[in-house]
Each structure stands twice: as C-alpha cells, then as structure tokens.
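Student: After the structure tokens below, expect a handful of questions from me.
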Amino acid sequence: MRSSDIVALHSGGASLVLEAGGERVPLWRHLGLSVDARDIPSIYRTRGRATFSMDADRAPDILPLPGDGSFLRAALLVCAKDGKALDLILDCTGIESGHDRLTCDFSDKKHGLEVRVDYRAVSGGFRIETSLENRGSAPLSVQHLASCSLPLPARCERIISWRGRHNAEFVECVEPMPQHGWSRETRRGLTGHGGPCGAYVLADGADHHSGLVFAAQLAWSGDSRIAIERDDEGFWTLQAEALIKPGEVTLEPGSSHSAPPVLLAISDAGRNGAMAIMHAMARAIARWPGGEMTPRPVHSNSWEAVYFAHDEKRIGELAEAAAAIGAERFVLDDGWFSGRGNDTAGLGDWIPDPAKYPDGLARIAERVRGLGMEFGLWVEPEMVNPESDLYRAHPDWALAIDGREPPTARNQLVLDMRREDVRDHLFERLDAILRSAPISYLKLDHNRDHSPSGGSEQIRGSYELFARLREAHPEVEIESCAGGGGRIDAGVLEYVHRFWTSDNIDALARIPMQRGFLAFMPPEFMGAHVGASPSHATGRVQSLDFRAAIACQGHFGIELDPAAMEQQEREKLAGWVRLYKEWRHLIHGGKVLLGEANDGLVWQAQGTDDELLLWVTRAGHAEDRRAQPVPLSFAKGADWQVRILRSAVSGGVLTPRATPFFHDLRDKPHGFAGSWLAHSGLPVPALPAESAMIFHLKAQR
Ligand code: GLA
C-alpha cells in the first residue's frame, strides 16, 4: 500500500471513503452521498494547521482511541485482569476493498488484540460490524465497544428519535443538532417501547421527501447507547453500541467478541428515501419459512376478545366466528397453560392447563385448522411467576442479586438466560409444545423490564434460544412482542417475522405510532389489529371503519369477538378483511411514503412505482373552512388514474358536504397528471376528525 491510499465503498446513492495511511488507522474522508473519490488530495494537504493542536496532526479516524491524538469518545476500551485500562496502539494490518465490502484489520501487538471493522454494502445501505479477537496470552476485559463511529457533516440540522412507554410506543422527538452532545441510552434490559437504538439525522432542511438524511439503527435487543457528539473540528460523530457491564465480556486467549451490527441508510430523498433503505436492509435480515414471504395472513388474536377467560369450548367458538369473517391464522394468547387463571401465576409451567384443555392443544389446534386457519400460540419463555412449579423447583433460575428478593413486575421475574441449564429447559419445553400439536406460529412475549439486569449476555442467551428454536422448527413463524412494542429491532429480526407494535390498538394512537415503527421496519412486519370500541387501552370510541382503515396499513388482524358484534358491523368487518386480502400484495413488500399536508392531515402511500394505496388521514378537528389539496411529490413523471377505494369517515361513507365528484370517484377513476398531483395536489373532501380515506393510484405509462 502506498503511504496514502483512498479506499471507497459505494451503496445505493451513498459512499463511504477512507484514507488509509500505512499502519495508521484509516481516516474518514467522506460519509454521505455518492462521490467519485479519484485523485482527491490527502487530507493532510488541505486540512491546515490549527493552534493548540498536536504537532503531528491526526485527522478523525474510524476507530478513535485516546493516546493517538484523538479526543473523541474512545470506540473501544479494554482492560487487563487487574482492571487497568490498556493503552492500545492499533496498527492497520490489512484493508480489503471489494465491490460490496470494505474490511479493515488492526492489531495491538503488545496485548495480542485483533480488531476488525467491516463495512458492507447491503440493499442500498451500509451494514457495519466491529469485532475483537484475543490472540494474546492473557485474558482481556472489554468495557465498551462502539459498533460504529461515523462522521456527520456540518450541514446536519436536526435529530429525529423516538421514546415510548407501554401503550405509547414510538413518540417522535425532534431536536436540534447538539452544541456539545446528544445521547439516547436505554437501561431496561430490552429494546424498549421507544423502538430500536437509532435515529434519523436531517441536513439541508430535509423533510419527508427531499434533503440529505442519515438514518442508523443498532441490531440489538438490550441496553444500548446512541450518541452524537460535537467536537471543535466542526462536525459531529455518531456512535452506537450495546452497553456492556464492567467485567461482563472477558476475552480469554483465543476467543472473540462481536458488537451488534449497525444498519446505516443515507439518502438525499429525505426521510422517505432513508426509510426505504432501512426497509430493504431489514427485509434482507428476515428469514422466512420456505425462503420467501407468503401473503401475510389475517390474524385473529384471542387476547382482547377473552383475556384469560377461555377453555377449549370458548376458543372453539371464537375461532369459528373469526373464520366466518375471513381470518386465516388464529393465535391462542395468554391463559392456556397450567395455573394461568390471571397474571399472578403459571409463567414457567408450559403445559396446557388440564382444566381448560384436557386433551392438550392438539384437538383445539386441529379444530382451528379444520376451519381453514393456521394455529398460533402465545408463550413468554424468558419469564417465571414466583407462583409456579418452575420457580418452586428452581428459585435460583431468576435474575437476582444475592441476598435480596428480586422485584416483581406484573407479578413475574426474569429467567437468567445466561445459564445453559435454563436455556436447555426452555428449549425442551417449547420443542415439546411445538411437537404436541400442529402449531405453525408462536407469539413470543416478554412482559417486563430487567431488574436486576442480566447485561448483554442475557440478550445473547435469549438469541441463542431463539436460534435453536428456529433451527429445530424452521417452518414456524414467530412474532416478537414485549408488552406490545418493547422488542422491535433488527437484532431479534433474525429470528422473527412480525412485531406486535403496541397493546394500544386505538386507531388514533396508532397513526403516529405506526409511522414511527415504519422508520425502522417495513409494514409487513407491523402487527396491526382491529380492536373493540371503546378501546381497551384508551377508552376512546372510534368507528369500525376508522379502526380497520388504520389496521390495514400493517399486518392486519382482529382482536375482538366477532360473535359479540351486531350483524351489520360484523359484515362490515368482513368487508375490511376482504379489502386487506385484495390489496396486501401492494401494502406489503413494496415502498412506503409518508407525508404531511396542511391543517393536520397526514398521508401514507404503500405499493410500487406504478400502483399504490394512499391513506389520507385526519386525526383531529379541522381548523380551516375547506380541505386543501394534498401534494404528492412522488406522483411526478406519470399520469395517474385515481379512485377512492374506501372511506372510513365517522358518521357515514362520505361527509354530507362532499361534492358529487368524490361520490363518483368511488365508482370511476379520474385521470390526473403527475405534475398536478405533485405540485397542486390531490383534491380531498373535508374530513371530520378520526377519519381516513383510502385511494387507489395507478400510473398510466
Ligand atoms: C402482553 C402482550 C399482549 C398479550 C398479553 C398477555 O401485554 O403485549 O398482546 O399477549 O401480554 O398477557
């Protein structure tokens, strides 16, 4: 290698450019939109000198470490057995630059530590992995390891992140770029209800449709930190990492450790452009039974329909009612196993309750299958109720601090997934259940925070169990749930096929929440159900049409008892089930575009370049006298046939004030030029609060 070499990796419309310099750690030259980096001068020829700076100038590199003239937060902190931090000196031992991969290897010769930073071009984005190997003779203790250390340009303006709690997932937060530092740290032992460790960073006045956007998410289901730090160099550095407890990760000689991957999307097509790359990268992770996603079946979930009050007869009736309106997969939720009459007991005892299911699960599963539906089952393997046979037999299996009663949450404790015997036991139980009946779906729940914490090894233990389950039962689809949306991330996505977005299925609450979900995951993974009205989570009353229209944006399901509905409502719900089935090929697997119009209207389009469904949604009361057209920037470049597929307007099909044009638009499409739709906008009728209209748009090319 020459003394100064430029290496680049391109993905989609973005480039990552490094300047290698012999044995020194490569320097960042560019992370952003696609560039041609031929003949760029070495950074040291253009950067100039600054006062009160190192004489031997050190430009920002990909693995900042103290002692090397870098004053950023160290990407890596490793200690010796006596607890002393090691002064690492990393020499670059090799850079391999290929078409879709750039790998940099480093070695600290004194301590025998090898470090690898691996950048891959994946689905238009970058997947970054950092790993360590101890080739020395003494054990090393890893205190922290950033999964990435990325420069963000001075043009960045805002950070979009999400926070949340049970029943209020994905609350969007918009903050200016920090003058010092910004961080989002989670310490509850699981991903959390604010969504994955990740953020969108917006530059150049970016919005949903245009402008430079960086989006990152860590593929990890445990405690994490994402931080953006401003150094006086004049730009920002983003680091993301899984938090490691001191002493937790010991690298014995010969062993290795990998930080969870980071998914990075860079786009100049605004938030929607970055979101599309995120979706593509998430889709590349999912491993579907049979290799490919099948049409996402309509779910019927027993939870809000019957809660714990079920037995074989009751569930049989519920399944019949669900099948009659078109459900395709029936999920028997909590309450089926021994001792589980309520949430105070039973977790851990994974055998069917003989009082409720005297012959096990096979008979009810067969009955459900006989109705033309798949049979799915709820489990919460990582948990135990003190009031259970499992806990009585193994009180030492729960996470606890010696000499102290561990605190319960929802009357339960967390099993210590770091223990092999715990994992073996859980695998044996789950495997036996799956073999006992034709079960093709598991809803894998996790209903509390970890206190005390099991650290990052707890998460790795859970992953190991899930991997073993998937290997033994590759045909079984799995849903990740954690008190609703507490475990939605690209780490657990390796093992699952659906996320339960929230226990809050109030359609009004779901509008912003589902948009937050879509920042990280595509809609086919987004569990979205029609619940009862009043909503069990919020007490709000909403029309069936409105509830169903919002649920149709994701992987649709029902979570109520259709038999308890008025005949007319039941038929209406069956109509929504038909609509979802007819259009799911467009709703899932394609692109998603989000936008905002004036006076509180939001819109969302899902489909292909040539055909989309468009939701125009009004949550609150309009303040303006008339509805203004909705500009659809994506429509440029084609003529479109537009029609109304369904109106979910509380109090009627369309408002009495809607003009005949809109009534006609239900039966007959109208042709619009793309430029009109993009720059003037799609005319929409005045909508009352809590309504949605679903349009169908087809390009005429
Ligand atoms: C959690 C889930 C719900 C349901 C209950 C059962 O709250 O999010 O969907 O499965 O547990 O106890």
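Note on naming: chains are A, B, ... as they come in the structure tokens, residues start from 1 per chain, ligands start from 1 in the order shown.
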Using only C-alpha atoms and all ligand atoms, which protein or nucleic acid residues are at most 9 Å from ligand 1, as an NGL selection string?

Tutor: :A and (166 or 301-304 or 307-308 or 333-335 or 342-343 or 378-380 or 443-447 or 481-486 or 500-504)

Student: Might you pull out every residue within 12 Å of segment 690-692 of chain A, with only C-alpha atoms counted and same-chain residues fewer than 2 positions away left off, and present them as a PyMOL selection string?

Tutor: chain A and resi 506-511+540-553+600-604+614-622+644-655+684-688+694-695

Student: Taking C-alpha atoms for each residue, export the selection above as an mmCIF file, in the first residue's frame.

Tutor:
```
data_model
loop_
_atom_site.group_PDB
_atom_site.id
_atom_site.type_symbol
_atom_site.label_atom_id
_atom_site.label_comp_id
_atom_site.auth_asym_id
_atom_site.auth_seq_id
_atom_site.Cartn_x
_atom_site.Cartn_y
_atom_site.Cartn_z
ATOM 1 C CA ASP A 506 -56.794 2.669 19.483
ATOM 2 C CA ALA A 507 -56.632 3.841 15.864
ATOM 3 C CA LEU A 508 -55.945 7.471 16.766
ATOM 4 C CA ALA A 509 -52.978 6.482 18.907
ATOM 5 C CA ARG A 510 -51.823 4.125 16.174
ATOM 6 C CA ILE A 511 -51.480 6.797 13.469
ATOM 7 C CA ARG A 540 -61.985 6.113 23.275
ATOM 8 C CA VAL A 541 -64.817 5.261 20.927
ATOM 9 C CA GLN A 542 -63.996 5.015 17.227
ATOM 10 C CA SER A 543 -65.928 3.843 14.191
ATOM 11 C CA LEU A 544 -65.184 0.369 12.918
ATOM 12 C CA ASP A 545 -64.233 1.809 9.530
ATOM 13 C CA PHE A 546 -61.629 4.088 11.056
ATOM 14 C CA ARG A 547 -60.159 1.321 13.211
ATOM 15 C CA ALA A 548 -59.957 -1.043 10.246
ATOM 16 C CA ALA A 549 -58.551 1.531 7.806
ATOM 17 C CA ILE A 550 -55.601 2.209 10.126
ATOM 18 C CA ALA A 551 -55.030 -1.505 10.844
ATOM 19 C CA CYS A 552 -54.876 -2.162 7.082
ATOM 20 C CA GLN A 553 -51.548 -0.317 6.909
ATOM 21 C CA GLY A 600 -53.265 18.369 10.441
ATOM 22 C CA LEU A 601 -53.832 15.960 7.538
ATOM 23 C CA VAL A 602 -51.276 13.194 7.177
ATOM 24 C CA TRP A 603 -50.878 10.804 4.291
ATOM 25 C CA GLN A 604 -49.214 7.491 3.692
ATOM 26 C CA LEU A 614 -52.890 6.118 -0.404
ATOM 27 C CA TRP A 615 -54.298 6.808 3.047
ATOM 28 C CA VAL A 616 -55.275 10.403 3.753
ATOM 29 C CA THR A 617 -55.949 10.614 7.453
ATOM 30 C CA ARG A 618 -57.377 13.228 9.736
ATOM 31 C CA ALA A 619 -56.897 12.672 13.468
ATOM 32 C CA GLY A 620 -58.203 15.898 14.976
ATOM 33 C CA HIS A 621 -60.801 18.512 14.132
ATOM 34 C CA ALA A 622 -60.069 20.687 11.088
ATOM 35 C CA ILE A 644 -61.491 6.123 -3.818
ATOM 36 C CA LEU A 645 -61.166 2.587 -2.580
ATOM 37 C CA ARG A 646 -62.761 3.072 0.803
ATOM 38 C CA SER A 647 -63.817 5.952 3.004
ATOM 39 C CA ALA A 648 -63.512 5.490 6.706
ATOM 40 C CA VAL A 649 -65.325 8.586 7.777
ATOM 41 C CA SER A 650 -67.014 8.583 11.141
ATOM 42 C CA GLY A 651 -70.724 9.061 10.754
ATOM 43 C CA GLY A 652 -71.013 7.927 7.159
ATOM 44 C CA VAL A 653 -69.375 6.857 3.945
ATOM 45 C CA LEU A 654 -68.512 10.414 2.932
ATOM 46 C CA THR A 655 -69.363 13.633 4.663
ATOM 47 C CA VAL A 684 -59.814 15.732 -0.986
ATOM 48 C CA PRO A 685 -63.184 16.285 0.643
ATOM 49 C CA ALA A 686 -63.480 17.885 4.057
ATOM 50 C CA LEU A 687 -62.962 15.148 6.608
ATOM 51 C CA PRO A 688 -64.223 15.088 10.158
ATOM 52 C CA ILE A 694 -58.015 5.122 1.071
ATOM 53 C CA PHE A 695 -57.314 5.983 -2.559
#
```

Student: Quick one: of A:Glu175, A:Glu457, A:Glu312, A:Glu571, who's nearest to Ile325 of chain A, counting only C-alpha atoms?

Tutor: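 Counting only C-alpha atoms, the residue closest to Ile325 of chain A is A:Glu571.
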
Student: Which residues, written as a ChimeraX atom specification, have at least one atom at most 7 Å from Gly13 of chain A, with only C-alpha atoms counted and residues fewer than 6 positions away on the same chain left out?

Tutor: /A:33-34,267

Student: Just asking: which residues within segment 124-282 of chain A are strand (DSSP E or B) according to DSSP, as a PyMOL selection string?

Tutor: chain A and resi 125-134+140-145+148-152+156-165+168-176+181-186+198-203+211+213-218+224-230+236-242+249-251+256-258+262-267+269

Student: For Ala199 of chain A, which of A:Arg367, A:Ala519, A:Val115, A:Gly372 is the closest residue, counting only C-alpha atoms?

Tutor: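 Looking only at the distances to Ala199 of chain A, the closest residue turns out to be A:Ala519.
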
Student: Just the residues within 6 Å of segment 128-139 of chain A, please, counting only C-alpha atoms, with nothing from its chain fewer than 6 positions along; format it as a list of chain:residue names.

Tutor: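 My reading of the contact set: A:His111, A:Gly112, A:Leu113, A:Glu114, A:Val115, A:Arg116, A:Val117, A:Asp118, A:Tyr119, A:Ser147, A:Leu251, A:Glu252, A:Pro253, A:Gly254, A:Ser255, A:Ser256, A:His257, A:Ser258, A:Ala259, A:Pro261, A:Val262.
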
Student: To one decimal place, how far is atom CA of Pro522 of chain A from atom CA of Ala269 of chain A in Å?

Tutor: 17.5 Å

Student: Once DSSP has gone over the backbone, tell me which residues of segment 206-439 of chain A are in helix (DSSP H, G or I), as a VMD selection string.

Tutor: chain A and resid 270 to 285 289 to 291 303 to 306 312 to 324 362 to 370 389 to 393 395 to 397 420 to 436

Student: Hey, what's within 12 Å of Met293 of chain A if we count only C-alpha atoms and toss same-chain stuff fewer than 3 positions away? As a ChimeraX atom specification, please?

Tutor: /A:283-284,286-290,296-297,475,477,497-498,524-525,585,588-589
